[in-house]
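A.B. asks: Please find query_14.txt (compact mmCIF, C-alpha atoms) on the next line:
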```txt
# COMPACT_ATOMS: atom_id res chain seq x y z
CA MET Q 92 25.15 48.53 -2.45
CA THR Q 93 25.06 46.76 0.90
CA PHE Q 94 21.84 48.57 1.77
CA ALA Q 95 20.27 47.62 -1.54
CA ASN Q 96 21.25 43.94 -1.16
CA GLY Q 97 19.98 43.93 2.39
CA THR Q 98 16.64 45.30 1.24
CA THR Q 99 16.41 42.66 -1.48
CA ASN Q 100 17.27 39.90 0.97
CA LEU Q 101 14.70 41.19 3.45
CA ARG Q 102 12.00 41.27 0.79
CA SER Q 103 12.92 37.75 -0.32
CA SER Q 104 12.79 36.49 3.25
CA LEU Q 105 9.39 38.08 3.83
CA PHE Q 106 8.07 36.61 0.57
CA LEU Q 107 9.32 33.13 1.49
CA ALA Q 108 7.86 33.43 4.98
CA LEU Q 109 4.47 34.45 3.59
CA LEU Q 110 4.59 31.65 1.01
CA MET Q 111 5.44 29.06 3.66
CA THR Q 112 2.68 30.33 5.94
CA SER Q 113 0.17 30.13 3.09
CA GLU Q 114 1.25 26.60 2.21
CA LEU Q 115 1.06 25.48 5.83
CA THR Q 116 -2.42 26.96 6.22
CA ALA Q 117 -3.67 25.36 3.01
CA ALA Q 118 -2.15 22.03 4.02
CA ARG Q 119 -4.61 21.65 6.90
CA TYR Q 120 -7.30 20.42 4.49
CA GLU Q 121 -7.01 17.84 1.75
CA ALA Q 122 -9.38 16.44 -0.88
CA LYS Q 123 -8.06 13.82 -3.28
CA SER Q 124 -8.77 10.61 -5.12
CA ALA Q 125 -7.40 7.32 -3.83
CA VAL Q 126 -7.86 3.56 -4.03
CA ASP Q 127 -9.14 1.42 -1.17
CA ASP Q 128 -9.08 -2.37 -1.56
CA GLY Q 129 -9.02 -2.00 -5.33
CA ILE Q 130 -11.99 0.40 -5.43
CA GLY Q 131 -11.72 4.05 -6.44
CA ILE Q 132 -12.59 6.41 -3.59
CA TYR Q 133 -12.14 10.01 -2.51
CA THR Q 134 -10.83 11.26 0.81
CA LEU Q 135 -11.32 14.44 2.80
CA ARG Q 136 -8.83 15.21 5.55
CA ASP Q 137 -8.48 17.82 8.29
CA THR Q 138 -4.94 17.32 9.59
CA THR Q 139 -5.30 19.74 12.50
CA ALA Q 140 -8.41 18.06 13.91
CA ASP Q 141 -7.09 14.65 12.75
CA VAL Q 142 -10.30 13.74 10.92
CA ALA Q 143 -10.45 11.71 7.71
CA VAL Q 144 -13.56 10.88 5.66
CA ARG Q 145 -13.69 8.33 2.85
CA ILE Q 146 -16.38 8.25 0.15
CA ALA Q 147 -17.03 5.52 -2.43
CA PRO Q 148 -18.92 7.05 -5.40
CA THR Q 149 -19.59 3.70 -7.12
CA LEU Q 150 -21.08 2.29 -3.91
CA GLY Q 151 -23.90 4.79 -3.50
CA ALA Q 152 -21.66 7.85 -2.92
CA ASN Q 153 -21.47 6.50 0.62
CA ALA Q 154 -19.20 8.14 3.20
CA TYR Q 155 -18.32 4.74 4.56
CA SER Q 156 -15.58 5.81 6.97
CA MET Q 157 -14.98 8.78 9.26
CA LYS Q 158 -12.01 8.47 11.58
CA VAL Q 159 -11.43 10.95 14.39
CA LYS Q 160 -7.94 10.75 15.89
CA GLY Q 161 -7.72 7.22 14.57
CA GLN Q 162 -11.10 6.12 15.99
CA GLU Q 163 -13.77 5.00 13.52
CA ILE Q 164 -17.14 6.64 14.24
CA LEU Q 165 -19.11 5.10 11.34
CA PHE Q 166 -20.11 1.49 11.90
CA SER Q 167 -19.35 -1.25 9.37
CA PRO Q 168 -19.60 -5.02 9.80
CA TYR Q 169 -16.84 -5.41 7.21
CA GLU Q 170 -13.08 -5.01 7.40
CA LYS Q 171 -12.62 -4.44 3.65
CA LEU Q 172 -14.45 -2.29 1.13
CA SER Q 173 -14.50 -5.16 -1.37
CA GLN Q 174 -16.76 -7.05 1.06
CA LEU Q 175 -19.36 -4.29 0.74
CA LYS Q 176 -19.16 -4.48 -3.06
CA ALA Q 177 -19.51 -8.28 -2.98
CA LYS Q 178 -22.35 -8.33 -0.45
CA PRO Q 179 -24.03 -4.90 -0.17
CA THR Q 180 -25.51 -3.96 3.18
CA LEU Q 181 -26.32 -0.72 4.98
CA LEU Q 182 -23.31 0.89 6.68
CA GLY Q 183 -21.62 4.28 6.86
CA THR Q 184 -24.03 6.95 5.58
CA PRO Q 185 -26.46 5.33 3.10
CA PHE Q 186 -28.64 7.67 1.05
CA LEU Q 187 -32.32 6.69 0.87
CA ALA Q 188 -34.15 7.84 -2.28
CA PRO Q 189 -36.44 8.34 -4.12
CA TRP Q 190 -38.29 7.12 -1.02
CA ALA Q 191 -36.86 6.67 2.46
CA ASN Q 192 -37.76 3.80 4.75
CA ARG Q 193 -40.95 1.87 4.00
CA LEU Q 194 -43.88 2.12 1.62
CA ASP Q 195 -47.05 0.38 2.78
CA HIS Q 196 -47.50 -1.29 -0.63
CA GLU Q 197 -45.72 -1.59 -3.96
CA GLY Q 198 -46.62 1.86 -5.14
CA PHE Q 199 -47.04 5.50 -4.16
CA TYR Q 200 -49.28 8.48 -4.76
CA ALA Q 201 -48.19 11.81 -6.24
CA ASN Q 202 -50.36 14.70 -7.38
CA GLY Q 203 -53.50 12.60 -6.92
CA LYS Q 204 -52.24 9.77 -9.16
CA HIS Q 205 -51.09 6.29 -8.23
CA TYR Q 206 -47.79 4.93 -9.51
CA ALA Q 207 -47.12 1.19 -9.24
CA LEU Q 208 -43.65 -0.21 -8.63
CA ASP Q 209 -42.40 -3.08 -10.78
CA ALA Q 210 -40.70 -5.77 -8.72
CA GLY Q 211 -39.68 -7.54 -11.91
CA ILE Q 212 -37.04 -4.90 -12.59
CA GLY Q 213 -35.27 -6.08 -9.45
CA ASN Q 214 -33.84 -2.76 -8.23
CA TYR Q 215 -35.51 -2.44 -4.83
CA ARG Q 216 -35.76 -4.70 -1.84
CA PHE Q 217 -38.38 -5.61 0.76
CA ASP Q 218 -38.51 -5.62 4.54
CA GLY Q 219 -39.69 -8.62 6.53
CA ASN Q 220 -43.31 -7.66 5.87
CA LYS Q 221 -42.91 -7.55 2.09
CA GLN Q 222 -42.93 -3.75 2.04
CA PRO Q 223 -40.58 -1.85 -0.33
CA ILE Q 224 -37.83 -0.29 1.75
CA HIS Q 225 -35.08 2.35 1.39
CA GLY Q 226 -35.57 3.29 -2.26
CA LEU Q 227 -33.34 2.50 -5.24
CA LEU Q 228 -30.00 4.19 -4.61
CA ASN Q 229 -28.37 2.57 -1.56
CA TYR Q 230 -25.55 1.09 -3.66
CA ALA Q 231 -26.04 3.00 -6.92
CA PRO Q 232 -22.87 2.96 -9.08
CA GLU Q 233 -23.82 5.92 -11.30
CA TRP Q 234 -22.60 8.76 -9.07
CA LYS Q 235 -19.92 10.99 -10.61
CA MET Q 236 -17.58 13.43 -8.89
CA ILE Q 237 -18.31 16.91 -10.28
CA GLY Q 238 -16.49 19.19 -7.82
CA ILE Q 239 -13.45 19.03 -5.58
CA TYR Q 240 -11.81 21.67 -3.39
CA ASP Q 241 -9.25 21.92 -0.63
CA GLY Q 242 -8.20 25.29 0.69
CA PRO Q 243 -7.16 27.10 3.85
CA ASP Q 244 -10.56 26.83 5.57
CA GLN Q 245 -12.26 23.65 4.32
CA ALA Q 246 -12.29 20.72 1.90
CA TRP Q 247 -15.26 19.39 -0.02
CA LEU Q 248 -16.37 16.95 -2.70
CA THR Q 249 -19.59 17.00 -4.74
CA PHE Q 250 -21.10 13.94 -6.40
CA ARG Q 251 -24.00 13.94 -8.87
CA LEU Q 252 -26.49 11.29 -9.95
CA GLU Q 253 -28.54 12.04 -13.06
CA PHE Q 254 -31.59 10.00 -12.16
CA PHE Q 255 -33.41 10.91 -15.35
CA ARG Q 256 -30.79 9.17 -17.51
CA ILE Q 257 -31.39 5.71 -16.02
CA PRO Q 258 -34.47 3.90 -17.41
CA ALA Q 259 -34.61 1.31 -14.58
CA TYR Q 260 -34.92 4.14 -12.04
CA MET Q 261 -37.40 6.17 -14.07
CA ALA Q 262 -39.60 3.08 -14.51
CA GLN Q 263 -40.12 3.02 -10.73
CA TRP Q 264 -40.17 6.76 -10.04
CA PRO Q 265 -41.15 8.66 -13.22
CA PHE Q 266 -39.96 12.12 -12.13
CA ALA Q 267 -36.92 13.37 -13.99
CA HIS Q 268 -34.43 14.84 -11.52
CA THR Q 269 -30.80 15.11 -10.51
CA ILE Q 270 -29.24 14.76 -7.06
CA ASP Q 271 -26.04 16.39 -5.83
CA ILE Q 272 -24.41 15.34 -2.56
CA THR Q 273 -21.61 17.50 -1.15
CA TYR Q 274 -19.42 16.29 1.71
CA ARG Q 275 -17.73 19.25 3.40
CA LEU Q 276 -15.07 18.91 6.13
CA GLN Q 277 -14.45 22.01 8.23
CA ASN Q 278 -13.10 22.46 11.75
CA GLY Q 279 -13.28 18.72 12.34
CA ASN Q 280 -17.00 18.54 11.48
CA LEU Q 281 -18.65 16.93 8.46
CA GLU Q 282 -21.49 18.62 6.59
CA VAL Q 283 -23.60 16.49 4.26
CA HIS Q 284 -25.42 18.79 1.84
CA THR Q 285 -28.04 17.51 -0.58
CA GLU Q 286 -29.52 19.31 -3.57
CA VAL Q 287 -32.35 17.86 -5.63
CA THR Q 288 -33.38 19.49 -8.92
CA ASN Q 289 -36.78 18.51 -10.30
CA LEU Q 290 -36.55 18.52 -14.10
CA ALA Q 291 -40.13 17.34 -14.51
CA PHE Q 292 -43.16 19.54 -15.15
CA ASP Q 293 -45.12 18.02 -12.26
CA ALA Q 294 -44.35 18.51 -8.58
CA MET Q 295 -42.28 15.68 -7.10
CA PRO Q 296 -43.06 14.39 -3.58
CA LEU Q 297 -39.98 14.38 -1.37
CA VAL Q 298 -39.54 11.76 1.33
CA ILE Q 299 -35.79 11.11 1.23
CA GLY Q 300 -33.09 10.90 3.86
CA TYR Q 301 -29.95 9.27 5.20
CA HIS Q 302 -29.39 6.22 7.38
CA PRO Q 303 -26.01 6.91 9.08
CA TYR Q 304 -24.58 4.29 11.45
CA TYR Q 305 -22.64 5.87 14.34
CA GLN Q 306 -20.49 4.17 16.94
CA LEU Q 307 -18.39 5.07 19.97
CA THR Q 308 -15.28 3.22 21.09
CA ASP Q 309 -14.80 4.31 24.72
CA ALA Q 310 -17.89 2.68 26.28
CA PRO Q 311 -20.14 -0.34 25.66
CA ARG Q 312 -23.34 0.28 23.75
CA ASP Q 313 -25.56 -0.23 26.81
CA ASP Q 314 -23.85 2.67 28.59
CA TRP Q 315 -24.30 5.19 25.78
CA GLN Q 316 -26.35 8.27 26.67
CA VAL Q 317 -28.69 9.46 23.91
CA THR Q 318 -30.40 12.83 23.44
CA LEU Q 319 -33.64 12.80 21.41
CA PRO Q 320 -34.81 16.44 20.99
CA ALA Q 321 -38.26 15.96 19.48
CA ARG Q 322 -41.72 16.98 20.67
CA GLU Q 323 -43.65 14.17 18.99
CA HIS Q 324 -43.44 10.41 18.66
CA VAL Q 325 -45.04 8.89 15.57
CA LYS Q 326 -47.21 5.85 16.26
CA LEU Q 327 -46.36 2.83 14.10
CA ASN Q 328 -48.43 -0.23 13.26
CA GLU Q 329 -47.23 -3.81 13.51
CA LYS Q 330 -45.46 -3.43 10.14
CA LEU Q 331 -43.53 -0.34 11.35
CA THR Q 332 -45.37 2.12 9.10
CA PRO Q 333 -47.06 5.19 10.64
CA THR Q 334 -50.75 5.12 11.46
CA GLY Q 335 -51.04 8.90 11.20
CA GLU Q 336 -51.30 9.30 14.97
CA ARG Q 337 -48.72 11.17 17.08
CA THR Q 338 -48.10 11.32 20.80
CA PRO Q 339 -45.69 13.33 22.98
CA ASN Q 340 -42.09 12.10 22.91
CA PRO Q 341 -41.90 9.55 25.76
CA TYR Q 342 -38.12 9.72 26.11
CA THR Q 343 -36.74 12.24 28.57
CA SER Q 344 -33.19 13.10 27.57
CA PRO Q 345 -30.67 11.80 28.17
CA VAL Q 346 -31.70 8.19 27.62
CA THR Q 347 -29.40 5.29 28.48
CA LEU Q 348 -29.52 2.56 25.84
CA ARG Q 349 -29.35 -0.29 28.34
CA GLY Q 350 -32.56 -2.31 27.96
CA LYS Q 351 -33.73 -0.07 25.09
CA GLN Q 352 -34.67 -1.11 21.57
CA LEU Q 353 -35.24 1.88 19.33
CA ASP Q 354 -36.77 1.80 15.87
CA ASP Q 355 -38.81 4.97 16.26
CA VAL Q 356 -39.97 7.92 14.20
CA PHE Q 357 -39.93 11.39 15.75
CA THR Q 358 -41.23 14.71 14.50
CA GLY Q 359 -41.87 18.15 15.93
CA LEU Q 360 -38.18 19.00 15.65
CA ALA Q 361 -36.97 22.53 16.28
CA ALA Q 362 -34.74 24.16 13.66
CA ASN Q 363 -31.21 22.83 13.96
CA ALA Q 364 -32.30 20.07 16.37
CA THR Q 365 -29.24 18.23 17.71
CA PHE Q 366 -29.37 14.50 18.35
CA SER Q 367 -26.41 13.04 20.21
CA VAL Q 368 -24.82 9.92 21.65
CA LYS Q 369 -22.20 10.05 24.42
CA GLY Q 370 -19.88 7.49 25.97
CA LYS Q 371 -17.33 8.15 28.70
CA GLN Q 372 -15.75 11.12 26.90
CA GLN Q 373 -16.56 10.59 23.24
CA LYS Q 374 -19.62 12.28 21.81
CA ILE Q 375 -21.23 12.50 18.39
CA GLU Q 376 -23.75 15.25 17.69
CA VAL Q 377 -25.93 15.24 14.58
CA VAL Q 378 -27.45 18.62 13.73
CA TYR Q 379 -30.52 18.65 11.47
CA GLY Q 380 -31.16 21.51 9.05
CA PRO Q 381 -34.77 22.83 9.18
CA LYS Q 382 -35.87 20.97 6.03
CA TYR Q 383 -35.21 17.71 7.86
CA PRO Q 384 -38.22 17.85 10.21
CA VAL Q 385 -38.27 14.10 10.94
CA ALA Q 386 -35.82 11.78 12.67
CA VAL Q 387 -35.80 8.01 12.61
CA VAL Q 388 -33.71 6.59 15.46
CA TYR Q 389 -32.58 2.99 15.18
CA ALA Q 390 -30.62 1.24 17.94
CA PRO Q 391 -31.31 -2.50 18.12
CA PRO Q 392 -30.12 -4.34 21.23
CA GLY Q 393 -26.85 -6.22 20.97
CA ARG Q 394 -25.59 -4.11 18.05
CA ASN Q 395 -22.77 -1.63 18.46
CA PHE Q 396 -24.31 1.30 16.61
CA ILE Q 397 -27.05 3.91 16.69
CA CYS Q 398 -28.66 5.59 13.69
CA PHE Q 399 -29.85 9.18 13.76
CA GLU Q 400 -31.58 9.40 10.38
CA PRO Q 401 -32.38 12.85 8.93
CA MET Q 402 -35.62 12.63 6.93
CA THR Q 403 -37.61 15.08 4.83
CA GLY Q 404 -40.85 13.36 5.87
CA ILE Q 405 -42.24 10.50 7.89
CA THR Q 406 -42.15 6.91 6.69
CA ASN Q 407 -44.70 6.29 3.89
CA GLY Q 408 -45.25 10.04 3.80
CA ALA Q 409 -46.44 10.29 0.18
CA ASN Q 410 -49.16 7.69 0.72
CA LEU Q 411 -50.19 9.14 4.08
CA ALA Q 412 -50.44 12.59 2.51
CA HIS Q 413 -52.76 11.21 -0.17
CA ALA Q 414 -54.89 9.68 2.60
CA GLY Q 415 -55.13 13.06 4.33
CA LYS Q 416 -52.99 11.97 7.29
CA TYR Q 417 -49.77 13.88 6.61
CA PRO Q 418 -50.25 17.51 5.53
CA GLU Q 419 -46.55 18.35 6.04
CA LEU Q 420 -45.36 16.41 2.98
CA GLN Q 421 -42.61 18.31 1.17
CA SER Q 422 -42.53 18.46 -2.61
CA ILE Q 423 -40.41 20.14 -5.27
CA PRO Q 424 -42.35 22.09 -7.91
CA GLY Q 425 -41.66 21.47 -11.56
CA GLY Q 426 -38.28 23.02 -12.36
CA GLY Q 427 -37.63 23.68 -8.67
CA VAL Q 428 -34.66 22.93 -6.42
CA TRP Q 429 -34.55 21.63 -2.84
CA LYS Q 430 -31.47 22.01 -0.63
CA GLU Q 431 -30.60 21.03 2.92
CA SER Q 432 -27.75 19.84 5.14
CA PHE Q 433 -27.05 17.89 8.28
CA TRP Q 434 -23.84 18.06 10.28
CA VAL Q 435 -21.82 15.40 12.12
CA LYS Q 436 -19.86 16.91 15.03
CA PRO Q 437 -17.54 14.57 17.01
CA SER Q 438 -15.90 15.64 20.28
CA GLY Q 439 -14.04 14.11 23.20
CA PHE Q 440 -11.84 11.87 21.07
```
Take the structure in the file and write it out as structure tokens.

C.D. replies:
Amino acid sequence: MTFANGTTNLRSSLFLALLMTSELTAARYEAKSAVDDGIGIYTLRDTTADVAVRIAPTLGANAYSMKVKGQEILFSPYEKLSQLKAKPTLLGTPFLAPWANRLDHEGFYANGKHYALDAGIGNYRFDGNKQPIHGLLNYAPEWKMIGIYDGPDQAWLTFRLEFFRIPAYMAQWPFAHTIDITYRLQNGNLEVHTEVTNLAFDAMPLVIGYHPYYQLTDAPRDDWQVTLPAREHVKLNEKLTPTGERTPNPYTSPVTLRGKQLDDVFTGLAANATFSVKGKQQKIEVVYGPKYPVAVVYAPPGRNFICFEPMTGITNGANLAHAGKYPELQSIPGGGVWKESFWVKPSGF
């Protein structure tokens, strides 16, 4: 009897030990809903790496905060999320679609046809030169969470926008499609995965991207060291739209930001090109998947941020392609799907 009880106790102890180990392993990652400043959000957390990401689906599915060991690496001019809702501006990781950056006029070409934008609808904005900029979805409230997971090796959230269901969007960009954005936290790194499904019969031109705002906290902006791994620099006109000309990248890495004003477009990126900014110890690397062949880098003087912007094509790409100046334009065939990721990898915090 003693032997039998001992065996039972041993088995129970082993079972409890295995259960506790499983729970501890799973507890490293967390994905859950929350409320920030009265606004519904979702959070991803890696407790081992001490990384937390916050996403606001009703504010453009924007990952507006990413803290690494308590240090915020995504720039915001606001202290509260309600300030962003009251006065929208670009911060965090804005998504730019159905066109990224600028168009050279209020319209675009696709499949040999011209499509005019309608400013009267009031759902896009202009730059200082009266050019439509950054698409329609920067602060879109229609994103819905469709997938959530936290397990022993990662945590992720997927948000979907059914573009085709919204008449004010379709009036400007008459290609029925859906967009899924997945934020995946793993080993202290954030993957941003985008999937676009073209529901239309016609091919849809694809010049979309992200405009993330990164910051470091251990050195002043002028001392940051920047790596720009691109072969080509895209020449811009006085309105900051490409001329179609390209020259060799003039920046030898690393580049110190002191005295530099960057609002540049780069192409000729290798697969998995890694852009980075480094302070004293802190470093942020941004790895581009191969279907992001273009990078816009924005670092205005006197501002405590730098943007490494993954793009599927150069600024005004659809119109330049129609003019025969941009043969690399990506498109999604009717019924087709496009997928790609970029990764944010912090270190030295």

A.B. asks: Using all atoms listed in the file for the distances, tell me which of Q:Val435, Q:Ala412, Q:Leu297, Q:Val356 is nearest to Tyr379 (chain Q).

C.D. replies: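 That would be Q:Val435, the residue with the smallest distance to Tyr379 (chain Q).
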
A.B. asks: Using all atoms listed in the file, what does the table of region 372-411 of chain Q residues within 8 Å of region 325-345 of chain Q look like, with each row giving the shortest atom pair and its distance in Å to one decimal, sorted by chain and ascending number, as CSV?

C.D. replies:
```
residue,atom,partner,partner_atom,distance
Q:Ile405,CA,Q:Pro333,CA,7.7
Q:Thr406,CA,Q:Thr332,CA,6.3
Q:Asn407,CA,Q:Thr332,CA,6.7
Q:Leu411,CA,Q:Gly335,CA,7.2
```

A.B. asks: May I have the protein, DNA and RNA residues with an atom at most 10 Å from (-23.3, -0.6, 8.1), counting only C-alpha atoms in the file's coordinates, returned as a list in words?

C.D. replies: Tyr155, Leu165, Phe166, Ser167, Pro168, Tyr169, Leu175, Pro179, Thr180, Leu181, Leu182, Gly183, Thr184, Pro185, His302, Pro303, Tyr304, Tyr305, Phe396 and Cys398 of chain Q

A.B. asks: Using Å and a single decimal, report how far CA of Tyr389 (chain Q) sits from CA of Val287 (chain Q).

C.D. replies: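 Value for the CA of Val287 (chain Q)-CA of Tyr389 (chain Q) distance: 25.6 Å.
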
A.B. asks: Please provide as a PyMOL selection string all residues within 12 Å of Met157 (chain Q), with the sequence filter that same-chain residues fewer than 3 positions apart are discarded (counting only C-alpha atoms).

C.D. replies: chain Q and resi 134-137+141-146+153-154+160-167+182-184+274+276+279-281+303-307+375+435-437

A.B. asks: Give me a file of those residues, with C-alpha atoms, as a PDB file, keeping the file's coordinate frame.

C.D. replies:
```pdb
ATOM      1  CA  THR Q 134     -10.830  11.260   0.810  1.00  0.00           C
ATOM      2  CA  LEU Q 135     -11.320  14.440   2.800  1.00  0.00           C
ATOM      3  CA  ARG Q 136      -8.830  15.210   5.550  1.00  0.00           C
ATOM      4  CA  ASP Q 137      -8.480  17.820   8.290  1.00  0.00           C
ATOM      5  CA  ASP Q 141      -7.090  14.650  12.750  1.00  0.00           C
ATOM      6  CA  VAL Q 142     -10.300  13.740  10.920  1.00  0.00           C
ATOM      7  CA  ALA Q 143     -10.450  11.710   7.710  1.00  0.00           C
ATOM      8  CA  VAL Q 144     -13.560  10.880   5.660  1.00  0.00           C
ATOM      9  CA  ARG Q 145     -13.690   8.330   2.850  1.00  0.00           C
ATOM     10  CA  ILE Q 146     -16.380   8.250   0.150  1.00  0.00           C
ATOM     11  CA  ASN Q 153     -21.470   6.500   0.620  1.00  0.00           C
ATOM     12  CA  ALA Q 154     -19.200   8.140   3.200  1.00  0.00           C
ATOM     13  CA  LYS Q 160      -7.940  10.750  15.890  1.00  0.00           C
ATOM     14  CA  GLY Q 161      -7.720   7.220  14.570  1.00  0.00           C
ATOM     15  CA  GLN Q 162     -11.100   6.120  15.990  1.00  0.00           C
ATOM     16  CA  GLU Q 163     -13.770   5.000  13.520  1.00  0.00           C
ATOM     17  CA  ILE Q 164     -17.140   6.640  14.240  1.00  0.00           C
ATOM     18  CA  LEU Q 165     -19.110   5.100  11.340  1.00  0.00           C
ATOM     19  CA  PHE Q 166     -20.110   1.490  11.900  1.00  0.00           C
ATOM     20  CA  SER Q 167     -19.350  -1.250   9.370  1.00  0.00           C
ATOM     21  CA  LEU Q 182     -23.310   0.890   6.680  1.00  0.00           C
ATOM     22  CA  GLY Q 183     -21.620   4.280   6.860  1.00  0.00           C
ATOM     23  CA  THR Q 184     -24.030   6.950   5.580  1.00  0.00           C
ATOM     24  CA  TYR Q 274     -19.420  16.290   1.710  1.00  0.00           C
ATOM     25  CA  LEU Q 276     -15.070  18.910   6.130  1.00  0.00           C
ATOM     26  CA  GLY Q 279     -13.280  18.720  12.340  1.00  0.00           C
ATOM     27  CA  ASN Q 280     -17.000  18.540  11.480  1.00  0.00           C
ATOM     28  CA  LEU Q 281     -18.650  16.930   8.460  1.00  0.00           C
ATOM     29  CA  PRO Q 303     -26.010   6.910   9.080  1.00  0.00           C
ATOM     30  CA  TYR Q 304     -24.580   4.290  11.450  1.00  0.00           C
ATOM     31  CA  TYR Q 305     -22.640   5.870  14.340  1.00  0.00           C
ATOM     32  CA  GLN Q 306     -20.490   4.170  16.940  1.00  0.00           C
ATOM     33  CA  LEU Q 307     -18.390   5.070  19.970  1.00  0.00           C
ATOM     34  CA  ILE Q 375     -21.230  12.500  18.390  1.00  0.00           C
ATOM     35  CA  VAL Q 435     -21.820  15.400  12.120  1.00  0.00           C
ATOM     36  CA  LYS Q 436     -19.860  16.910  15.030  1.00  0.00           C
ATOM     37  CA  PRO Q 437     -17.540  14.570  17.010  1.00  0.00           C
TER      38      PRO Q 437
END
```

A.B. asks: Between Q:Ala291, Q:Ala361, Q:Ile299, Q:Val377, which one has atoms that come closest to Asn192 (chain Q), using all atoms listed in the file?

C.D. replies: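 Of the candidates, the smallest distance to Asn192 (chain Q) is held by Q:Ile299.
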
A.B. asks: Pick from Q:Ala390, Q:Leu420, Q:Met261, Q:Ala267: nearest to Thr403 (chain Q), with all atoms listed in the file counted?

C.D. replies: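 Between Q:Ala390, Q:Leu420, Q:Met261, Q:Ala267, the residue approaching Thr403 (chain Q) most closely is Q:Leu420.
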
A.B. asks: Report the distance between CA of Lys123 (chain Q) and CA of Ser432 (chain Q) in Å, rounded to one decimal place.

C.D. replies: 22.2 Å

A.B. asks: Between CA of Lys171 (chain Q) and CA of Gln316 (chain Q), measure the distance and give it in Å to one decimal.

C.D. replies: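 Going from CA of Lys171 (chain Q) over to CA of Gln316 (chain Q), I get 29.7 Å.
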
A.B. asks: May I have the residues at most 6 Å from (-27.8, 8.0, 22.1) in the file's coordinates, counting only C-alpha atoms, as a list in words?

C.D. replies: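 Every residue inside that radius is included here: Trp315, Gln316, Val317, Thr318, Ser367 and Val368 of chain Q.
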
A.B. asks: Quick one: residues within 12 Å of Glu419 (chain Q), all atoms listed in the file, excluding same-chain residues fewer than 3 positions away - as a list in words?

C.D. replies: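 Contacts, with the query itself left out: Pro296, Leu297, Val298, Gly335, Thr358, Gly359, Lys382, Tyr383, Pro384, Val385, Thr403, Gly404, Ile405, Gly408, Ala409, Leu411, Ala412, His413, Gly415, Lys416 and Ser422 of chain Q.
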
A.B. asks: Which residues come within 7 Å of Glu431 (chain Q), counting only C-alpha atoms, excluding same-chain residues fewer than 5 positions away, as a VMD selection string?

C.D. replies: chain Q and resid 284 to 286 380 382

A.B. asks: Between Q:Leu227, Q:Leu194, Q:Met236, Q:Ile272, which has the minimum distance to Lys430 (chain Q) (counting all atoms listed in the file)?

C.D. replies: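 The closest residue to Lys430 (chain Q) is Q:Ile272.
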